[in-house]
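A.B. asks: Sharing upload-v1.txt below, compact mmCIF, C-alpha atoms:
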```
# COMPACT_ATOMS: atom_id res chain seq x y z
CA MET G 162 131.15 -126.42 27.17
CA SER G 163 134.29 -124.44 28.01
CA PRO G 164 134.28 -120.76 29.02
CA ALA G 165 135.64 -119.93 25.53
CA GLU G 166 132.66 -121.70 23.96
CA LEU G 167 130.32 -119.86 26.32
CA LYS G 168 131.94 -116.56 25.32
CA ALA G 169 131.03 -117.26 21.71
CA LEU G 170 127.36 -117.42 22.77
CA ILE G 171 127.37 -113.86 24.17
CA ARG G 172 125.92 -111.32 21.75
CA THR G 173 127.64 -107.94 21.56
CA VAL G 174 125.33 -105.04 20.76
CA PRO G 175 127.17 -101.84 19.81
CA ASP G 176 126.07 -98.45 21.15
CA PHE G 177 123.62 -99.68 23.80
CA PRO G 178 122.39 -98.14 26.04
CA LYS G 179 124.33 -95.18 24.57
CA PRO G 180 126.91 -94.48 21.85
CA GLY G 181 130.32 -95.99 22.49
CA ILE G 182 129.12 -98.74 24.85
CA GLN G 183 129.49 -102.34 23.69
CA PHE G 184 126.61 -104.12 25.45
CA ARG G 185 127.37 -107.78 26.28
CA ASP G 186 124.01 -109.52 26.03
CA ILE G 187 123.44 -112.79 27.90
CA THR G 188 120.05 -113.40 26.25
CA THR G 189 121.71 -115.47 23.55
CA LEU G 190 123.61 -117.53 26.13
CA ILE G 191 120.58 -118.35 28.26
CA SER G 192 118.45 -119.20 25.25
CA HIS G 193 121.02 -121.91 24.42
CA GLY G 194 120.08 -124.89 26.62
CA ALA G 195 123.51 -126.49 26.79
CA GLY G 196 125.23 -123.12 27.21
CA LEU G 197 122.95 -122.15 30.08
CA ALA G 198 123.43 -125.50 31.82
CA ALA G 199 127.23 -125.33 31.40
CA SER G 200 127.34 -121.77 32.78
CA ILE G 201 125.49 -122.89 35.89
CA GLU G 202 127.71 -125.95 36.27
CA HIS G 203 130.88 -123.78 36.15
CA LEU G 204 129.43 -121.23 38.59
CA ALA G 205 128.24 -123.99 40.95
CA ASP G 206 131.72 -125.57 40.92
CA HIS G 207 133.23 -122.23 41.96
CA ALA G 208 130.57 -121.60 44.62
CA ARG G 209 131.14 -125.06 46.09
CA ALA G 210 134.91 -124.47 46.13
CA LYS G 211 134.35 -121.19 47.99
CA GLY G 212 132.33 -122.96 50.68
CA ALA G 213 129.04 -121.25 49.86
CA GLN G 214 126.24 -121.84 52.37
CA ALA G 215 123.81 -119.58 50.49
CA ILE G 216 123.70 -117.73 47.16
CA ALA G 217 122.60 -114.12 46.78
CA GLY G 218 121.56 -112.40 43.55
CA MET G 219 120.47 -108.90 42.63
CA GLU G 220 117.23 -108.09 40.79
CA ALA G 221 116.63 -108.76 37.95
CA ARG G 222 119.33 -110.47 35.88
CA GLY G 223 121.10 -111.77 38.99
CA PHE G 224 118.02 -113.89 39.67
CA ILE G 225 118.62 -115.75 36.40
CA PHE G 226 121.95 -117.28 37.30
CA GLY G 227 121.81 -117.05 41.11
CA THR G 228 118.77 -119.21 41.73
CA ALA G 229 119.91 -121.92 39.37
CA VAL G 230 123.30 -122.11 41.12
CA ALA G 231 121.56 -122.32 44.51
CA VAL G 232 119.28 -125.11 43.28
CA ARG G 233 122.22 -127.00 41.78
CA LEU G 234 123.91 -126.99 45.20
CA GLY G 235 120.76 -127.41 47.33
CA LEU G 236 121.42 -124.02 48.97
CA PRO G 237 119.13 -121.12 49.92
CA PHE G 238 118.77 -118.23 47.49
CA ILE G 239 118.70 -114.71 48.90
CA PRO G 240 117.03 -112.19 46.59
CA ILE G 241 118.37 -108.63 46.78
CA ARG G 242 115.64 -106.42 45.46
CA LYS G 243 114.82 -102.99 44.15
CA PRO G 244 112.99 -100.72 46.61
CA GLY G 245 109.43 -101.47 47.66
CA LYS G 246 109.26 -105.02 46.31
CA LEU G 247 109.54 -106.97 49.54
CA PRO G 248 106.40 -107.16 51.70
CA ILE G 249 108.23 -107.17 55.03
CA PRO G 250 110.46 -104.75 56.93
CA THR G 251 113.73 -104.58 55.04
CA ILE G 252 117.22 -103.27 55.42
CA GLY G 253 118.53 -101.17 52.55
CA VAL G 254 121.61 -99.50 51.16
CA GLU G 255 121.94 -96.55 48.77
CA TYR G 256 124.61 -96.55 46.10
CA ALA G 257 125.80 -94.14 43.43
CA LEU G 258 124.98 -94.51 39.75
CA GLU G 259 126.53 -92.52 36.93
CA TYR G 260 123.65 -90.08 37.41
CA GLY G 261 121.94 -90.12 40.78
CA THR G 262 121.56 -92.97 43.24
CA ASP G 263 119.77 -96.27 43.53
CA ARG G 264 118.86 -98.52 46.44
CA LEU G 265 118.91 -102.25 47.19
CA GLU G 266 116.83 -103.96 49.86
CA MET G 267 116.69 -107.35 51.49
CA ASP G 268 114.94 -109.26 54.27
CA PRO G 269 117.33 -109.00 57.26
CA GLU G 270 116.18 -112.44 58.43
CA ALA G 271 117.10 -114.14 55.15
CA VAL G 272 120.65 -114.88 56.37
CA SER G 273 121.95 -116.21 59.65
CA GLN G 274 124.91 -114.74 61.55
CA GLY G 275 128.20 -115.72 59.93
CA GLN G 276 126.56 -117.62 57.08
CA ARG G 277 128.91 -117.81 54.06
CA VAL G 278 127.02 -116.08 51.28
CA VAL G 279 128.40 -116.02 47.73
CA ILE G 280 127.06 -113.39 45.31
CA VAL G 281 126.25 -114.54 41.75
CA ASP G 282 125.50 -112.14 38.91
CA ASP G 283 125.67 -112.11 35.15
CA LEU G 284 128.17 -109.29 34.70
CA ILE G 285 130.55 -107.07 36.66
CA ALA G 286 131.33 -103.65 35.19
CA THR G 287 132.21 -100.89 37.70
CA GLY G 288 131.16 -103.16 40.57
CA GLY G 289 128.96 -100.53 42.23
CA THR G 290 125.88 -102.71 42.52
CA ALA G 291 127.84 -105.71 43.77
CA GLU G 292 129.66 -103.55 46.34
CA ALA G 293 126.28 -102.32 47.61
CA ALA G 294 125.04 -105.92 47.85
CA VAL G 295 128.14 -106.86 49.88
CA LYS G 296 127.43 -104.03 52.35
CA LEU G 297 123.81 -105.06 52.66
CA LEU G 298 124.55 -108.75 53.20
CA ARG G 299 127.18 -107.91 55.83
CA GLN G 300 124.71 -105.59 57.57
CA ALA G 301 122.39 -108.62 57.81
CA GLY G 302 125.21 -110.65 59.41
CA ALA G 303 126.47 -112.66 56.43
CA HIS G 304 130.12 -113.51 55.79
CA VAL G 305 130.85 -112.38 52.22
CA SER G 306 134.25 -113.03 50.68
CA ASP G 307 133.40 -114.13 47.13
CA ALA G 308 131.40 -112.95 44.15
CA LEU G 309 130.99 -114.93 40.92
CA PHE G 310 130.15 -113.48 37.52
CA VAL G 311 129.55 -114.94 34.10
CA ILE G 312 131.21 -111.90 32.49
CA ASP G 313 133.85 -109.46 33.73
CA LEU G 314 134.62 -106.18 31.96
CA PRO G 315 138.01 -105.70 33.63
CA ASP G 316 138.67 -102.30 32.03
CA LEU G 317 135.93 -100.89 34.28
CA GLY G 318 137.64 -101.88 37.51
CA GLY G 319 134.89 -103.82 39.27
CA ALA G 320 137.20 -106.53 40.61
CA GLU G 321 139.49 -103.87 42.13
CA LEU G 322 136.55 -102.15 43.81
CA LEU G 323 135.35 -105.42 45.34
CA GLY G 324 138.93 -106.30 46.27
CA LYS G 325 139.06 -103.16 48.44
CA ALA G 326 136.02 -104.56 50.27
CA ASP G 327 137.86 -107.90 50.78
CA VAL G 328 135.73 -109.67 48.22
CA ASN G 329 137.39 -111.93 45.67
CA VAL G 330 135.98 -111.88 42.13
CA THR G 331 135.76 -115.03 39.98
CA LYS G 332 134.46 -114.82 36.41
CA LEU G 333 133.88 -117.34 33.64
CA ILE G 334 134.55 -114.96 30.74
CA ASP G 335 136.09 -111.55 30.27
CA PHE G 336 135.96 -108.93 27.56
CA GLU G 337 139.11 -106.89 27.92
CA GLY G 338 139.91 -103.97 25.62
CA ASP G 339 137.52 -105.29 23.01
CA MET R 165 109.27 -132.26 50.25
CA SER R 166 105.60 -132.45 49.32
CA PRO R 167 103.56 -129.48 48.05
CA ALA R 168 101.88 -129.32 51.50
CA GLU R 169 105.31 -129.01 53.13
CA LEU R 170 106.26 -126.33 50.60
CA LYS R 171 103.06 -124.45 51.39
CA ALA R 172 104.12 -124.28 55.03
CA LEU R 173 107.27 -122.41 53.89
CA ILE R 174 105.29 -119.57 52.24
CA ARG R 175 105.00 -116.49 54.43
CA THR R 176 101.68 -114.67 54.43
CA VAL R 177 101.96 -110.93 54.97
CA PRO R 178 98.61 -109.25 55.74
CA ASP R 179 97.65 -105.93 54.16
CA PHE R 180 100.43 -105.75 51.52
CA PRO R 181 100.62 -103.93 49.17
CA LYS R 182 97.32 -102.49 50.46
CA PRO R 183 94.74 -103.18 53.20
CA GLY R 184 92.77 -106.38 52.73
CA ILE R 185 95.38 -108.13 50.54
CA GLN R 186 97.07 -111.23 51.94
CA PHE R 187 100.47 -111.22 50.25
CA ARG R 188 101.92 -114.70 49.70
CA ASP R 189 105.68 -114.25 50.00
CA ILE R 190 108.01 -116.75 48.37
CA THR R 191 111.12 -115.23 49.99
CA THR R 192 110.85 -117.67 52.87
CA LEU R 193 110.49 -120.62 50.48
CA ILE R 194 113.51 -119.75 48.36
CA SER R 195 115.69 -119.04 51.37
CA HIS R 196 115.06 -122.67 52.44
CA GLY R 197 117.56 -124.74 50.43
CA ALA R 198 115.61 -128.00 50.46
CA GLY R 199 112.32 -126.21 49.82
CA LEU R 200 113.72 -124.34 46.85
CA ALA R 201 115.24 -127.50 45.37
CA ALA R 202 112.01 -129.46 45.86
CA SER R 203 109.94 -126.69 44.23
CA ILE R 204 112.17 -126.79 41.17
CA GLU R 205 112.06 -130.59 41.06
CA HIS R 206 108.23 -130.58 41.09
CA LEU R 207 108.03 -127.83 38.44
CA ALA R 208 110.60 -129.61 36.26
CA ASP R 209 108.63 -132.87 36.47
CA HIS R 210 105.53 -131.03 35.24
CA ALA R 211 107.43 -129.20 32.48
CA ARG R 212 108.93 -132.50 31.26
CA ALA R 213 105.48 -134.12 31.26
CA LYS R 214 104.15 -131.22 29.17
CA GLY R 215 106.87 -131.74 26.57
CA ALA R 216 108.63 -128.43 27.19
CA GLN R 217 111.33 -127.52 24.67
CA ALA R 218 112.02 -124.16 26.33
CA ILE R 219 111.00 -122.34 29.53
CA ALA R 220 109.88 -118.71 29.61
CA GLY R 221 109.70 -116.47 32.68
CA MET R 222 108.61 -112.92 33.34
CA GLU R 223 110.79 -110.31 35.04
CA ALA R 224 111.58 -110.31 37.91
CA ARG R 225 110.28 -113.09 40.15
CA GLY R 226 109.62 -115.38 37.19
CA PHE R 227 113.36 -115.44 36.59
CA ILE R 228 113.85 -117.08 40.00
CA PHE R 229 111.98 -120.28 39.28
CA GLY R 230 112.04 -120.29 35.48
CA THR R 231 115.78 -120.40 34.94
CA ALA R 232 116.31 -123.11 37.51
CA VAL R 233 113.66 -125.29 35.85
CA ALA R 234 115.29 -124.73 32.45
CA VAL R 235 118.72 -125.67 33.81
CA ARG R 236 117.31 -128.77 35.52
CA LEU R 237 115.98 -129.95 32.14
CA GLY R 238 118.87 -128.67 29.98
CA LEU R 239 116.46 -126.36 28.11
CA PRO R 240 116.74 -122.76 26.90
CA PHE R 241 115.37 -120.00 29.11
CA ILE R 242 113.48 -117.15 27.45
CA PRO R 243 113.39 -113.97 29.53
CA ILE R 244 110.29 -111.81 29.12
CA ARG R 245 111.27 -108.37 30.21
CA LYS R 246 110.01 -104.98 31.26
CA PRO R 247 110.28 -102.25 28.61
CA GLY R 248 113.67 -100.96 27.54
CA LYS R 249 115.78 -103.69 29.14
CA LEU R 250 116.72 -105.68 26.05
CA PRO R 251 119.46 -104.21 23.84
CA ILE R 252 118.05 -105.49 20.57
CA PRO R 253 114.87 -104.88 18.54
CA THR R 254 112.04 -106.45 20.49
CA ILE R 255 108.42 -107.37 20.08
CA GLY R 256 106.07 -106.18 22.83
CA VAL R 257 102.56 -106.44 24.17
CA GLU R 258 100.59 -104.02 26.34
CA TYR R 259 98.32 -105.33 29.06
CA ALA R 260 95.91 -103.82 31.57
CA LEU R 261 96.73 -103.38 35.25
CA GLU R 262 94.26 -102.42 37.96
CA TYR R 263 95.27 -98.83 37.21
CA GLY R 264 96.79 -98.12 33.81
CA THR R 265 98.75 -100.46 31.58
CA ASP R 266 102.11 -102.18 31.49
CA ARG R 267 104.19 -103.74 28.75
CA LEU R 268 106.26 -106.89 28.27
CA GLU R 269 109.01 -107.31 25.69
CA MET R 270 111.07 -110.16 24.29
CA ASP R 271 113.64 -110.94 21.62
CA PRO R 272 111.60 -112.29 18.67
CA GLU R 273 114.52 -114.55 17.73
CA ALA R 274 114.63 -116.24 21.15
CA VAL R 275 112.13 -118.92 20.06
CA SER R 276 111.87 -120.99 16.90
CA GLN R 277 108.63 -121.57 14.99
CA GLY R 278 106.43 -124.12 16.73
CA GLN R 279 108.81 -124.55 19.68
CA ARG R 280 106.89 -125.81 22.74
CA VAL R 281 107.43 -123.13 25.36
CA VAL R 282 106.17 -123.61 28.93
CA ILE R 283 105.74 -120.52 31.13
CA VAL R 284 106.98 -120.76 34.74
CA ASP R 285 106.19 -118.16 37.39
CA ASP R 286 105.96 -117.96 41.15
CA LEU R 287 102.28 -117.01 41.44
CA ILE R 288 99.12 -116.65 39.38
CA ALA R 289 96.52 -114.17 40.61
CA THR R 290 94.28 -112.57 37.95
CA GLY R 291 96.49 -114.05 35.21
CA GLY R 292 96.88 -110.77 33.34
CA THR R 293 100.66 -110.86 33.12
CA ALA R 294 100.75 -114.53 32.14
CA GLU R 295 98.09 -113.94 29.46
CA ALA R 296 100.22 -111.13 28.02
CA ALA R 297 103.26 -113.41 28.01
CA VAL R 298 101.29 -116.07 26.12
CA LYS R 299 100.35 -113.52 23.45
CA LEU R 300 103.91 -112.35 23.12
CA LEU R 301 105.39 -115.85 22.87
CA ARG R 302 102.81 -116.82 20.25
CA GLN R 303 103.59 -113.64 18.30
CA ALA R 304 107.21 -114.85 18.20
CA GLY R 305 106.05 -118.23 16.83
CA ALA R 306 106.08 -120.37 19.97
CA HIS R 307 103.52 -123.08 20.74
CA VAL R 308 102.20 -122.31 24.24
CA SER R 309 99.72 -124.65 25.90
CA ASP R 310 100.95 -124.82 29.51
CA ALA R 311 101.88 -122.51 32.35
CA LEU R 312 103.26 -123.68 35.70
CA PHE R 313 103.07 -121.77 38.97
CA VAL R 314 104.30 -122.39 42.47
CA ILE R 315 101.18 -120.70 43.90
CA ASP R 316 97.67 -120.27 42.54
CA LEU R 317 95.13 -117.88 44.09
CA PRO R 318 92.09 -119.51 42.47
CA ASP R 319 89.61 -116.96 43.84
CA LEU R 320 91.14 -114.42 41.43
CA GLY R 321 90.33 -116.43 38.29
CA GLY R 322 93.75 -116.60 36.63
CA ALA R 323 93.39 -120.23 35.54
CA GLU R 324 90.04 -119.44 33.88
CA LEU R 325 91.55 -116.48 32.03
CA LEU R 326 94.41 -118.61 30.70
CA GLY R 327 91.97 -121.42 29.92
CA LYS R 328 90.15 -119.06 27.53
CA ALA R 329 93.48 -118.64 25.74
CA ASP R 330 93.85 -122.45 25.52
CA VAL R 331 96.57 -122.53 28.15
CA ASN R 332 96.38 -125.15 30.88
CA VAL R 333 97.46 -124.06 34.39
CA THR R 334 99.35 -126.38 36.75
CA LYS R 335 100.23 -125.22 40.27
CA LEU R 336 102.06 -126.78 43.20
CA ILE R 337 100.11 -124.98 45.93
CA ASP R 338 96.90 -123.01 46.19
CA PHE R 339 95.48 -120.58 48.69
CA GLU R 340 91.71 -120.68 48.26
CA GLY R 341 89.39 -118.58 50.35
CA ASP R 342 92.03 -118.09 53.00
```
Spit out the file's structure as structure tokens when you get a sec.
C.D. replies:
Amino acid sequence: MSPAELKALIRTVPDFPKPGIQFRDITTLISHGAGLAASIEHLADHARAKGAQAIAGMEARGFIFGTAVAVRLGLPFIPIRKPGKLPIPTIGVEYALEYGTDRLEMDPEAVSQGQRVVIVDDLIATGGTAEAAVKLLRQAGAHVSDALFVIDLPDLGGAELLGKADVNVTKLIDFEGD
Amino acid sequence: MSPAELKALIRTVPDFPKPGIQFRDITTLISHGAGLAASIEHLADHARAKGAQAIAGMEARGFIFGTAVAVRLGLPFIPIRKPGKLPIPTIGVEYALEYGTDRLEMDPEAVSQGQRVVIVDDLIATGGTAEAAVKLLRQAGAHVSDALFVIDLPDLGGAELLGKADVNVTKLIDFEGD
């Protein structure tokens, strides 16, 4: 299935989580067997082309696509988690939300020095979470130059934000001005 | 890699999340590329043998193994989520925790009537979360007779609890009395 066909499987929910927001829902894509498999195949092709040695994904939706890409390529998967979930000493990074802050944590021993880690997530909006993940992975010693997304909302500037951190964004689908 | 070799990749963290609990940590398994791929291959073999038409997984760690198994078999993945995460009208089920209750939600249209859905998760302990997921999937019309886990802690009785709900438990690894 082509990216345009995959786009047709994304459900748009108006006014969620608040009025004026068009929520792009991947539930309908992942509950389509062929659509899910094709998404992973496209993402895995990109990750391979970027020289990925490991895949990282952020809790919770990033686990959906990230692990499957890692398995497809026989690579490690590095889970980046919400606070307090990992049972071992972690490293963490705080990042700003629209209201307040949030925190991501990971096992500092999950990556080796200079390992090429590619981030995979379902969607990039402002890019704040992905930027925090980049900082965290670099703090652990990873080389991070690429992040892959199923969906980009380019109006929200996420690719520009990651670009300033020397991370190149690749997406399968975008929803621009619509 | 055999299940015994996979077991050697699980990290045991003593006294997490509280004194006396031996936490079985899959982080070290999934950050081993060959171990992760072999885990998925074993789970996918079981899911195929059980006649799975879709795979369901519970947020968040269930997303790690569940999606990859679905992709391996070209099947839909049905995410079972924590409250308030899905942007559409959901069905939900409450279940008891050691202290208090929690809730799982799903899109009632994610499964078709009589569809054979196999649950995949990293670990079964008391089985309370998996039992709730079974109820929820059946409420949506799914046929659920099997649940697959990477790790079983048989001392905690999860397989018996699911057995009472006519769900058969298959695990790759167990940690019994140790």
A.B. asks: Report as an mmCIF file with C-alpha atoms, in the coordinates of the input all protein, DNA and RNA residues lying within 12 Å of Leu317 (chain G), evaluated on all atoms listed in the file, omitting residues in the same chain fewer than 5 positions from it.
C.D. replies:
```cif
data_model
loop_
_atom_site.group_PDB
_atom_site.id
_atom_site.type_symbol
_atom_site.label_atom_id
_atom_site.label_comp_id
_atom_site.auth_asym_id
_atom_site.auth_seq_id
_atom_site.Cartn_x
_atom_site.Cartn_y
_atom_site.Cartn_z
ATOM 1 C CA ILE G 182 129.120 -98.740 24.850
ATOM 2 C CA LEU G 284 128.170 -109.290 34.700
ATOM 3 C CA ILE G 285 130.550 -107.070 36.660
ATOM 4 C CA ALA G 286 131.330 -103.650 35.190
ATOM 5 C CA THR G 287 132.210 -100.890 37.700
ATOM 6 C CA GLY G 288 131.160 -103.160 40.570
ATOM 7 C CA GLY G 289 128.960 -100.530 42.230
ATOM 8 C CA LEU G 322 136.550 -102.150 43.810
ATOM 9 C CA LEU G 323 135.350 -105.420 45.340
ATOM 10 C CA ASP G 335 136.090 -111.550 30.270
ATOM 11 C CA PHE G 336 135.960 -108.930 27.560
ATOM 12 C CA GLU G 337 139.110 -106.890 27.920
ATOM 13 C CA GLY G 338 139.910 -103.970 25.620
#
```
A.B. asks: Hand me chain G as it sits after a least-squares fit onto chain R over every Cα, paired in order, written as a short mmCIF file (atom, residue, chain, number, x, y, z; two decimals) with C-alpha atoms, in the frame of the given file.
C.D. replies:
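Result file superposed.cif:
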```
data_model
loop_
_atom_site.label_atom_id
_atom_site.label_comp_id
_atom_site.auth_asym_id
_atom_site.auth_seq_id
_atom_site.Cartn_x
_atom_site.Cartn_y
_atom_site.Cartn_z
CA MET G 162 109.28 -132.26 50.23
CA SER G 163 105.59 -132.45 49.32
CA PRO G 164 103.55 -129.49 48.05
CA ALA G 165 101.88 -129.32 51.50
CA GLU G 166 105.31 -128.99 53.13
CA LEU G 167 106.26 -126.33 50.59
CA LYS G 168 103.05 -124.44 51.39
CA ALA G 169 104.11 -124.25 55.02
CA LEU G 170 107.26 -122.40 53.90
CA ILE G 171 105.28 -119.57 52.25
CA ARG G 172 105.00 -116.49 54.44
CA THR G 173 101.67 -114.66 54.43
CA VAL G 174 101.94 -110.91 54.97
CA PRO G 175 98.60 -109.24 55.73
CA ASP G 176 97.63 -105.92 54.13
CA PHE G 177 100.41 -105.75 51.52
CA PRO G 178 100.61 -103.95 49.15
CA LYS G 179 97.31 -102.50 50.44
CA PRO G 180 94.72 -103.17 53.16
CA GLY G 181 92.76 -106.38 52.71
CA ILE G 182 95.35 -108.14 50.52
CA GLN G 183 97.04 -111.23 51.95
CA PHE G 184 100.47 -111.21 50.26
CA ARG G 185 101.91 -114.71 49.71
CA ASP G 186 105.66 -114.24 50.01
CA ILE G 187 108.01 -116.75 48.36
CA THR G 188 111.12 -115.23 49.98
CA THR G 189 110.85 -117.67 52.85
CA LEU G 190 110.50 -120.62 50.47
CA ILE G 191 113.51 -119.75 48.34
CA SER G 192 115.68 -119.04 51.36
CA HIS G 193 115.06 -122.65 52.43
CA GLY G 194 117.56 -124.74 50.43
CA ALA G 195 115.63 -128.00 50.45
CA GLY G 196 112.32 -126.22 49.83
CA LEU G 197 113.73 -124.34 46.85
CA ALA G 198 115.25 -127.49 45.36
CA ALA G 199 112.00 -129.46 45.85
CA SER G 200 109.94 -126.69 44.22
CA ILE G 201 112.17 -126.79 41.16
CA GLU G 202 112.06 -130.59 41.05
CA HIS G 203 108.22 -130.57 41.08
CA LEU G 204 108.04 -127.83 38.44
CA ALA G 205 110.63 -129.61 36.26
CA ASP G 206 108.64 -132.86 36.47
CA HIS G 207 105.53 -131.03 35.23
CA ALA G 208 107.44 -129.21 32.48
CA ARG G 209 108.94 -132.48 31.27
CA ALA G 210 105.50 -134.12 31.27
CA LYS G 211 104.16 -131.23 29.17
CA GLY G 212 106.88 -131.75 26.57
CA ALA G 213 108.62 -128.43 27.19
CA GLN G 214 111.33 -127.52 24.67
CA ALA G 215 112.02 -124.16 26.33
CA ILE G 216 111.00 -122.34 29.52
CA ALA G 217 109.87 -118.72 29.61
CA GLY G 218 109.70 -116.49 32.69
CA MET G 219 108.61 -112.92 33.33
CA GLU G 220 110.79 -110.30 35.04
CA ALA G 221 111.60 -110.32 37.90
CA ARG G 222 110.28 -113.09 40.15
CA GLY G 223 109.62 -115.38 37.18
CA PHE G 224 113.37 -115.45 36.59
CA ILE G 225 113.85 -117.08 39.99
CA PHE G 226 111.98 -120.28 39.28
CA GLY G 227 112.05 -120.28 35.46
CA THR G 228 115.79 -120.40 34.93
CA ALA G 229 116.32 -123.11 37.50
CA VAL G 230 113.66 -125.29 35.84
CA ALA G 231 115.29 -124.73 32.44
CA VAL G 232 118.72 -125.66 33.82
CA ARG G 233 117.31 -128.76 35.51
CA LEU G 234 115.99 -129.95 32.14
CA GLY G 235 118.88 -128.68 29.97
CA LEU G 236 116.46 -126.37 28.11
CA PRO G 237 116.75 -122.76 26.91
CA PHE G 238 115.37 -120.00 29.11
CA ILE G 239 113.48 -117.16 27.46
CA PRO G 240 113.39 -113.98 29.54
CA ILE G 241 110.29 -111.82 29.13
CA ARG G 242 111.27 -108.37 30.23
CA LYS G 243 109.99 -104.99 31.27
CA PRO G 244 110.29 -102.26 28.61
CA GLY G 245 113.68 -100.96 27.54
CA LYS G 246 115.78 -103.69 29.14
CA LEU G 247 116.72 -105.68 26.06
CA PRO G 248 119.47 -104.23 23.85
CA ILE G 249 118.03 -105.51 20.57
CA PRO G 250 114.87 -104.90 18.56
CA THR G 251 112.03 -106.46 20.50
CA ILE G 252 108.42 -107.37 20.10
CA GLY G 253 106.09 -106.17 22.84
CA VAL G 254 102.57 -106.43 24.18
CA GLU G 255 100.59 -104.01 26.36
CA TYR G 256 98.32 -105.32 29.08
CA ALA G 257 95.93 -103.81 31.59
CA LEU G 258 96.73 -103.39 35.27
CA GLU G 259 94.27 -102.42 37.98
CA TYR G 260 95.29 -98.83 37.26
CA GLY G 261 96.80 -98.14 33.86
CA THR G 262 98.77 -100.45 31.61
CA ASP G 263 102.11 -102.19 31.52
CA ARG G 264 104.19 -103.74 28.75
CA LEU G 265 106.26 -106.89 28.27
CA GLU G 266 109.00 -107.32 25.69
CA MET G 267 111.06 -110.15 24.30
CA ASP G 268 113.64 -110.94 21.63
CA PRO G 269 111.59 -112.29 18.68
CA GLU G 270 114.50 -114.56 17.73
CA ALA G 271 114.62 -116.24 21.15
CA VAL G 272 112.13 -118.93 20.06
CA SER G 273 111.87 -120.99 16.91
CA GLN G 274 108.64 -121.58 14.98
CA GLY G 275 106.43 -124.12 16.74
CA GLN G 276 108.79 -124.56 19.68
CA ARG G 277 106.89 -125.82 22.75
CA VAL G 278 107.42 -123.14 25.36
CA VAL G 279 106.17 -123.61 28.93
CA ILE G 280 105.74 -120.52 31.12
CA VAL G 281 106.98 -120.76 34.74
CA ASP G 282 106.19 -118.15 37.38
CA ASP G 283 105.95 -117.96 41.13
CA LEU G 284 102.29 -117.01 41.44
CA ILE G 285 99.11 -116.65 39.37
CA ALA G 286 96.51 -114.17 40.61
CA THR G 287 94.29 -112.57 37.93
CA GLY G 288 96.50 -114.05 35.21
CA GLY G 289 96.88 -110.77 33.32
CA THR G 290 100.66 -110.85 33.12
CA ALA G 291 100.75 -114.52 32.13
CA GLU G 292 98.09 -113.94 29.45
CA ALA G 293 100.22 -111.12 28.02
CA ALA G 294 103.27 -113.41 28.01
CA VAL G 295 101.28 -116.07 26.12
CA LYS G 296 100.33 -113.52 23.44
CA LEU G 297 103.91 -112.35 23.13
CA LEU G 298 105.39 -115.85 22.87
CA ARG G 299 102.80 -116.82 20.24
CA GLN G 300 103.58 -113.65 18.29
CA ALA G 301 107.20 -114.86 18.22
CA GLY G 302 106.05 -118.23 16.83
CA ALA G 303 106.07 -120.38 19.97
CA HIS G 304 103.51 -123.08 20.75
CA VAL G 305 102.19 -122.31 24.24
CA SER G 306 99.71 -124.65 25.90
CA ASP G 307 100.96 -124.82 29.50
CA ALA G 308 101.88 -122.51 32.34
CA LEU G 309 103.26 -123.68 35.70
CA PHE G 310 103.07 -121.77 38.97
CA VAL G 311 104.31 -122.39 42.47
CA ILE G 312 101.19 -120.71 43.89
CA ASP G 313 97.66 -120.27 42.54
CA LEU G 314 95.14 -117.87 44.09
CA PRO G 315 92.11 -119.50 42.46
CA ASP G 316 89.62 -116.95 43.83
CA LEU G 317 91.14 -114.41 41.42
CA GLY G 318 90.35 -116.42 38.31
CA GLY G 319 93.76 -116.60 36.63
CA ALA G 320 93.40 -120.23 35.54
CA GLU G 321 90.04 -119.43 33.89
CA LEU G 322 91.55 -116.48 32.02
CA LEU G 323 94.41 -118.61 30.71
CA GLY G 324 91.97 -121.41 29.92
CA LYS G 325 90.14 -119.05 27.53
CA ALA G 326 93.48 -118.63 25.74
CA ASP G 327 93.85 -122.45 25.51
CA VAL G 328 96.55 -122.53 28.15
CA ASN G 329 96.39 -125.15 30.89
CA VAL G 330 97.45 -124.06 34.38
CA THR G 331 99.35 -126.38 36.75
CA LYS G 332 100.23 -125.22 40.26
CA LEU G 333 102.06 -126.77 43.19
CA ILE G 334 100.11 -124.98 45.93
CA ASP G 335 96.91 -123.00 46.19
CA PHE G 336 95.48 -120.58 48.70
CA GLU G 337 91.74 -120.69 48.26
CA GLY G 338 89.39 -118.57 50.37
CA ASP G 339 92.05 -118.13 53.01
#
```
A.B. asks: For Gln214 (chain G), which residue out of R:Glu205, R:Ala323, R:Leu237, R:His196 is the nearest one, using only C-alpha atoms?
C.D. replies: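 Nearest candidate to Gln214 (chain G) out of R:Glu205, R:Ala323, R:Leu237, R:His196: R:His196.
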A.B. asks: Got a sec to pull out which chain G residues are within 7 Å of chain R, counting only C-alpha atoms, and send them as a list of chain:residue names?
C.D. replies: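 Matching residues, ligands excluded from the count: G:Val174, G:Phe177, G:Ile191, G:Ser192, G:His193, G:Gly194, G:Ala195, G:Leu197, G:Ala198, G:Glu220, G:Ala221, G:Phe224, G:Ile225, G:Thr228, G:Ala229, G:Val232, G:Gly235, G:Leu236, G:Pro237, G:Phe238, G:Ile239, G:Pro248, G:Ala271.
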A.B. asks: Find the residue from G:Val254, G:Ala308, G:Val328, G:Ala210 that sits nearest to Asp283 (chain G); use all atoms listed in the file when measuring.
C.D. replies: G:Ala308
A.B. asks: State, in Å with one decimal place, the distance from CA of Pro250 (chain G) to CA of Gln274 (chain G).
C.D. replies: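 Computed distance, CA of Pro250 (chain G) to CA of Gln274 (chain G), equals 18.2 Å.
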